[in-house]
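K.L.:
Can you read through this structure? Questions will come right after.
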Amino acid sequence: MPVVLVTRDLMSDPPAWEVVRANPDAAPEIEVICPALRHELDGSDMIALVMPPPAEVSFSVDAKGAPATLRMRAGVDITASRLFGEQVPEGIFAFEVLLNGELVHANRVTVRRAGKDSGSEWSDVGGAEGLEVEPGDVVTLRTLALAPDGTPARGTPVAYAGFGGMRLERRLELPRTRSSPSAPNVVLVVMDTLRADRLSTYGHGRATSPALDALAERGVVFENACATASWTWPSTASIFTGLQPEEHGVQDSSSSFLATELDTIAEAMQRGGVTTAGWSGNPLITRSRNFAQGFERFDDDMEDFRKTGEFFDRVLAWLDETAGTRFFLYLHLTEPHRPYAPLPEGRALFAADAPATIVDDATSIAQRLDKGRSWTEDGRSLLDELTTEEERRHVLDIYDACVWSGDHWLGELLSALDRLELAAETLVVFTSDHGEELFERNYLGHSKTVHAELVRVPLVLAGPGVPAGRRVAAPTSNSDLARFLTALAGAPVDRAFDPQGFFGEGGDRRVLYSTEKGSWNGHQNTTIRGIRAGDLALQYAPRGGPWGSTSPEGDVRLYDLAQDPAERDDLAARRPDELAQLRAMLEREFEALEPRVERARYTTGAATEHLLERIGYAGD
C-alpha cells in the first residue's frame, strides 16, 4: 500500500529563508491564505508563505536529508479581489519555482474585482506528483503581478499571494497485513454531539440505543469517560493524538490545523501495515485541517454537515473491498448535531408530536439563547421568557430521535461486520467528541462550559482482547484512546501505555478538560479548565469573576458528582480544603502540558470564518 511520510513541514518548521526581493510595503511572512469561498473551487484556508508581489525567496533543502518530494500549492487570497474596480477589473498574478536556478514550474492566476467570481483557487506546484528534490538543492520562489500585456505591473498594491502547505515527503510502499483475533481490525465510531445520559446504555429511560446496548453486553462500558474539550476541533484532535488540547495546540479557530509533526492513530496503524480509511460528516474534521494524515482514503465535505445516510453505502462498499486485509476505519457521524434530521422511524418513536418546523425552531431557540442573552446582567435566568416548556420538550424529543438514528447506523455497521464474518477479529470503539447542553445552563449547544452534560461522553469497546460485560467507574479520558488503539499496532503514540491497564479502575485516575470558547457568569469567550479526580470535579476560569465582571485571581467551582451528578450545587465555599487540594492539582497538571512544538497562532482565514458562521459557531 502507498504510504506518504512527511519528513518536514516547512510551515511549522520553516527553513532559513533568504528574502532576495520583497514588496516595499509588505515583507514575506507565514500567514493564512484563502483563495475562494465557493465549495466547488479548491480554495480552503491554508498556512502559507505569503509573498506579496513582486517577491523572491530562496531556501536550501537540508543537506543531511534524503531525496524527497517537495509539495506545495500556489494561490492568491480572496482579499486581492478588492484591489480591482470598474477602471481596472482584473489582475494577473504569476508564480514561479526554480530549482538550482532552473525554472521548473510557472503558472498564472487571474483575479477579478470584488462582486464577481474572483476565479482564484489553489494550484499544485509540480502537478499531482510535486517536485523531486535532493539534499542541498536550492529552491527559489517568486511571485509577480502582471499587466494585461504580461509585463510586470507598476506600483503594485499589497496582494496576499504565496505558496501554501509546503512540506517535504517520502513515498513508501508497505505490505498490507491480514487481521486475526490477535491482530484485530479497528473500527472507531465518533458520534458527534452525543451526551452519555441520553443513551439507554447509560440509563436513559427511553430505548434510544439498542445497538449500543447489544455492543455493551459483549464489551466494556466506561461509566465516566470524559472528552478533553467541550467542542469538536480540540476533542477530536485529542482522540487522534492522545494529547490534551494544550499539547496538540488545536484549541480555537486560529489554531485549528492538526500539526503534521504530531503522530496520529491512523499514521501508527498505517506503519503497522493496516489499511486506513475515514468518513467525516462534520465540516470541521477535514483534510484541509490536516485531520486526514495517515488515512489512505478520507471522505469529507468542507461545506456542510452530512448525515450518515449520505455516505454509508460508500462505507459498506469499502468494507467489502477491504475485508481481506487488516483495516482501521474511522467514522465521524453527526446525527445528534444540529440541524436535527432524524430518520423517519426515529422521529415516529420519540418525537411524533413535535411540529414540522422543529428543525428550524431548534436553530432559532439556540440563537435566542446564545452569547449570554438568556441571563440578565445580575445573573437572573431569562430561559422561560425566551423559550416555552413545550418548545424545550420538543427539542429533547427530537434530540432523542437523532440519538436513535445514530444508533441505527451503528447497528447497520455491526450487521455488515457480521455479514463479512469479521466480528470475531474486529475491535469496535464507540464514543463521542463532546456532549450537548439541553438547556441546563440556559444554552442549547456546546463549547460554552465544561459541565458534565458537555464533557461526559459515552465510551464502549467490544471485540478481541476486551473483557465482556464490564463497567468501569473510574474517570477515563478520550485522549487515552490513541495510546490504547495504537498499542494494538505495536506503535504507541508518544509514550508507553499498558493496554490492559486501560480497563482497570485505578484509585488515582483523573481527567482534564477545557474550552477556549467558555461562558462564565456572563463573561463570553473565556478560558475554562476542569479536572475530575474520583467523585470531585473542579472548574477554574483564569479570568472569571462575579456576574458580569472579570477578576485577575480567577474564579472556581467545586462539585461532588456522587451526590450531585448534574453539577448544580457549588461546594467551593463549603469545602475549602478539598478545593485547595484539587486546585493545586489542576494547576500542576495544566502547567505540565507544554506544546510538543511551539506553534504560532495564525489569523483565521475567510473560509474558516464563513464556515463557523454558517454552522453556528461564530457570528451573531
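Naming scheme: A, B, ... for chains in displayed order of the C-alpha cells; residues 1 onward per chain; ligands 1 onward as shown.
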Name all residues at most 6 Å from A:Met166 (count only C-alpha atoms; drop same-chain ones fewer than 4 positions away) and give them as a count of residues only.
P.N.:
3
K.L.:
How close does each residue of stretch 143-253 of chain A get to stretch 308-328 of chain A, giving the shortest atom pair and distance in Å to one decimal for every residue with an atom at most 12 Å away, counting only C-alpha atoms, sorted by chain and residue number, as CSV?
P.N.:
residue,atom,partner,partner_atom,distance
A:Pro175,CA,A:Thr325,CA,10.2
A:Arg176,CA,A:Thr325,CA,6.6
A:Thr177,CA,A:Arg326,CA,5.6
A:Arg178,CA,A:Thr325,CA,4.5
A:Ser179,CA,A:Arg326,CA,4.3
A:Ser180,CA,A:Arg326,CA,8.0
A:Pro181,CA,A:Arg326,CA,10.8
A:Ser182,CA,A:Arg326,CA,11.3
A:Ala183,CA,A:Arg326,CA,8.0
A:Pro184,CA,A:Arg326,CA,7.0
A:Asn185,CA,A:Phe327,CA,5.0
A:Val186,CA,A:Phe328,CA,4.8
A:Val187,CA,A:Phe328,CA,5.8
A:Leu188,CA,A:Phe328,CA,7.7
A:Val189,CA,A:Phe328,CA,10.9
A:Val190,CA,A:Thr308,CA,11.9
A:Met191,CA,A:Thr308,CA,10.3
A:Asp192,CA,A:Thr308,CA,11.4
K.L.:
Compare A:Leu215, A:Val220, A:Gly530, A:Phe84 by their minimum atom-to-atom distance to A:Ala423, counting only C-alpha atoms, and give me the closest one.
P.N.:
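Smallest separation from A:Ala423 among the options: A:Leu215.
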K.L.:
Of the candidates A:Arg73, A:Ala607, A:Gly445, A:Arg380, which shows the shortest atom-to-atom distance to A:Asn521, using only C-alpha atoms?
P.N.:
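For A:Asn521, the nearest of the given residues is A:Arg380.
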K.L.:
Out of stretch 449-582 of chain A, which residues get strand (DSSP E) from DSSP, as a ChimeraX atom specification?
P.N.:
/A:459-462,470-472,476-477,510-520,523-533,536-541,555-560
K.L.:
How would the residues just chosen look if you wrote them out with N, CA and C atoms as a CSV table (one decimal), in the first residue's frame?
P.N.:
chain,number,residue,atom,x,y,z
A,459,LEU,N,-18.3,5.8,26.1
A,459,LEU,CA,-17.2,5.1,25.6
A,459,LEU,C,-17.4,3.6,25.8
A,460,VAL,N,-17.6,2.9,24.7
A,460,VAL,CA,-17.9,1.5,24.8
A,460,VAL,C,-16.9,0.8,23.8
A,461,LEU,N,-16.3,-0.3,24.3
A,461,LEU,CA,-15.4,-1.1,23.5
A,461,LEU,C,-15.8,-2.6,23.5
A,462,ALA,N,-15.7,-3.2,22.4
A,462,ALA,CA,-16.1,-4.7,22.3
A,462,ALA,C,-15.2,-5.3,21.2
A,470,ARG,N,-18.3,-5.8,31.4
A,470,ARG,CA,-17.7,-5.0,32.4
A,470,ARG,C,-18.0,-3.5,32.3
A,471,ARG,N,-18.3,-2.9,33.5
A,471,ARG,CA,-18.5,-1.4,33.5
A,471,ARG,C,-17.4,-0.8,34.4
A,472,VAL,N,-16.7,0.1,33.9
A,472,VAL,CA,-15.6,0.8,34.6
A,472,VAL,C,-16.0,2.1,35.1
A,476,THR,N,-12.1,8.3,32.9
A,476,THR,CA,-11.3,8.0,31.8
A,476,THR,C,-11.3,9.1,30.7
A,477,SER,N,-10.2,9.4,30.1
A,477,SER,CA,-10.2,10.5,29.1
A,477,SER,C,-10.2,9.9,27.7
A,510,ARG,N,-7.4,10.5,37.0
A,510,ARG,CA,-8.0,11.8,36.9
A,510,ARG,C,-8.0,12.2,35.4
A,511,VAL,N,-8.9,13.1,35.1
A,511,VAL,CA,-9.0,13.6,33.7
A,511,VAL,C,-9.1,15.1,33.7
A,512,LEU,N,-8.6,15.6,32.6
A,512,LEU,CA,-8.6,17.1,32.4
A,512,LEU,C,-9.5,17.4,31.2
A,513,TYR,N,-10.0,18.6,31.2
A,513,TYR,CA,-10.8,19.1,30.1
A,513,TYR,C,-10.8,20.6,30.1
A,514,SER,N,-11.1,21.2,28.9
A,514,SER,CA,-11.0,22.7,28.8
A,514,SER,C,-11.8,23.2,27.6
A,515,THR,N,-12.0,24.5,27.6
A,515,THR,CA,-12.6,25.2,26.4
A,515,THR,C,-12.0,26.6,26.4
A,516,GLU,N,-11.7,27.0,25.2
A,516,GLU,CA,-11.3,28.4,24.9
A,516,GLU,C,-12.5,29.3,24.5
A,517,LYS,N,-13.7,28.7,24.4
A,517,LYS,CA,-14.9,29.4,24.0
A,517,LYS,C,-15.9,29.5,25.1
A,518,GLY,N,-15.4,29.5,26.4
A,518,GLY,CA,-16.3,29.4,27.5
A,518,GLY,C,-17.2,30.6,27.8
A,519,SER,N,-18.2,30.4,28.6
A,519,SER,CA,-19.1,31.4,29.2
A,519,SER,C,-19.1,31.2,30.7
A,520,TRP,N,-18.6,32.3,31.5
A,520,TRP,CA,-18.5,32.2,32.9
A,520,TRP,C,-19.2,33.4,33.5
A,523,HIS,N,-19.6,36.3,31.3
A,523,HIS,CA,-18.4,36.7,30.5
A,523,HIS,C,-18.1,35.7,29.4
A,524,GLN,N,-18.1,36.1,28.1
A,524,GLN,CA,-18.1,35.2,27.0
A,524,GLN,C,-16.6,35.0,26.5
A,525,ASN,N,-16.5,33.9,25.7
A,525,ASN,CA,-15.2,33.6,25.0
A,525,ASN,C,-14.0,33.6,26.0
A,526,THR,N,-14.2,33.0,27.1
A,526,THR,CA,-13.1,32.9,28.1
A,526,THR,C,-12.6,31.5,28.3
A,527,THR,N,-11.4,31.4,28.8
A,527,THR,CA,-10.8,30.0,29.0
A,527,THR,C,-11.4,29.4,30.3
A,528,ILE,N,-11.8,28.2,30.2
A,528,ILE,CA,-12.3,27.4,31.4
A,528,ILE,C,-11.5,26.1,31.4
A,529,ARG,N,-11.0,25.7,32.5
A,529,ARG,CA,-10.3,24.5,32.7
A,529,ARG,C,-10.9,23.7,33.8
A,530,GLY,N,-10.9,22.4,33.6
A,530,GLY,CA,-11.5,21.5,34.6
A,530,GLY,C,-10.7,20.3,34.9
A,531,ILE,N,-10.9,19.7,36.0
A,531,ILE,CA,-10.3,18.4,36.4
A,531,ILE,C,-11.3,17.6,37.2
A,532,ARG,N,-11.3,16.3,36.9
A,532,ARG,CA,-12.1,15.4,37.7
A,532,ARG,C,-11.2,14.4,38.3
A,533,ALA,N,-11.2,14.2,39.7
A,533,ALA,CA,-10.5,13.2,40.4
A,533,ALA,C,-11.4,12.5,41.3
A,536,LEU,N,-14.9,14.1,42.7
A,536,LEU,CA,-14.9,15.6,42.7
A,536,LEU,C,-14.5,16.2,41.4
A,537,ALA,N,-15.1,17.3,41.0
A,537,ALA,CA,-14.9,18.0,39.8
A,537,ALA,C,-14.7,19.4,40.1
A,538,LEU,N,-13.6,20.0,39.6
A,538,LEU,CA,-13.3,21.4,39.8
A,538,LEU,C,-13.2,22.1,38.5
A,539,GLN,N,-13.8,23.3,38.4
A,539,GLN,CA,-13.8,24.1,37.2
A,539,GLN,C,-13.1,25.5,37.6
A,540,TYR,N,-12.2,25.9,36.7
A,540,TYR,CA,-11.4,27.1,37.0
A,540,TYR,C,-11.4,28.0,35.8
A,541,ALA,N,-11.8,29.2,36.0
A,541,ALA,CA,-11.8,30.3,34.9
A,541,ALA,C,-10.7,31.3,35.3
A,555,ASP,N,-11.8,32.5,39.1
A,555,ASP,CA,-13.0,32.0,39.8
A,555,ASP,C,-13.0,30.5,39.7
A,556,VAL,N,-13.6,29.9,40.7
A,556,VAL,CA,-13.6,28.4,40.8
A,556,VAL,C,-15.0,27.9,41.2
A,557,ARG,N,-15.3,26.7,40.8
A,557,ARG,CA,-16.5,25.9,41.2
A,557,ARG,C,-16.1,24.5,41.6
A,558,LEU,N,-16.7,23.9,42.6
A,558,LEU,CA,-16.4,22.6,43.0
A,558,LEU,C,-17.7,21.8,43.1
A,559,TYR,N,-17.7,20.6,42.6
A,559,TYR,CA,-18.9,19.7,42.7
A,559,TYR,C,-18.5,18.3,43.1
A,560,ASP,N,-19.4,17.7,43.9
A,560,ASP,CA,-19.3,16.3,44.3
A,560,ASP,C,-20.3,15.5,43.4
K.L.:
Which one is closest to A:Gly278: A:Glu296, A:Glu591, A:Glu90, A:Asp397? Count only C-alpha atoms.
P.N.:
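Distance minimum relative to A:Gly278 lands on A:Glu296.
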K.L.:
Taking 2 positions as the minimum chain separation for residues in the same chain, which residues sit within 6 Å of stretch 99-104 of chain A when counting only C-alpha atoms? Answer as a list in words.
P.N.:
Val97, Val138 and Val139 of chain A
K.L.:
Could you dump the residues just selected with C-alpha atoms as a PDB file, in the first residue's frame?
P.N.:
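Full text of part22.pdb as output:
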ATOM      1  CA  VAL A  97       9.597  27.997  -8.851  1.00  0.00           C
ATOM      2  CA  VAL A 138      18.332  25.475  -3.700  1.00  0.00           C
ATOM      3  CA  VAL A 139      14.642  26.272  -4.156  1.00  0.00           C
TER       4      VAL A 139
END
K.L.:
When DSSP is applied to the backbone of this structure, which of stretch 150-380 of chain A are assigned helix (DSSP H, G or I)? Write them out as a ChimeraX atom specification.
P.N.:
/A:196-198,200-202,210-217,232-241,245-248,253-255,265-271,287-289,308-310,312-322,344-350,358-372
K.L.:
Can you work out which one of A:Ala161, A:Leu243, A:Leu5, A:Leu454 has the shortest atom-to-atom distance to A:Met46, counting only C-alpha atoms?
P.N.:
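Checking each of A:Ala161, A:Leu243, A:Leu5, A:Leu454 against A:Met46, counting only C-alpha atoms, the winner is A:Ala161.
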K.L.:
Which one of A:Ala207, A:Ala473, A:Ala74, A:Ile239 sits closest to A:Gly346 if you count only C-alpha atoms?
P.N.:
A:Ala207
K.L.:
Can you work out which one of A:Leu586, A:Ala606, A:Val250, A:Ile265 has the shortest atom-to-atom distance to A:Ala487, counting only C-alpha atoms?
P.N.:
A:Ile265
K.L.:
What does the distance between atom CA of A:Thr241 and atom CA of A:Glu261 come to in Å, to one decimal place?
P.N.:
10.7 Å
K.L.:
Might you pull out every residue within 8 Å of A:Leu258, with only C-alpha atoms counted and same-chain residues fewer than 5 positions away left off, and present them as an MDAnalysis selection string?
P.N.:
chainID A and resid 237 248:250 289:291
K.L.:
Hey, can you check how far atom CA of A:Glu578 sits from atom CA of A:Asp535?
P.N.:
11.6 Å
K.L.:
Between atom CA of A:Thr140 and atom CA of A:Ala68, what is the spacing in Å?
P.N.:
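Computing the Euclidean distance for atom CA of A:Ala68 and atom CA of A:Thr140 yields 16.5 Å.
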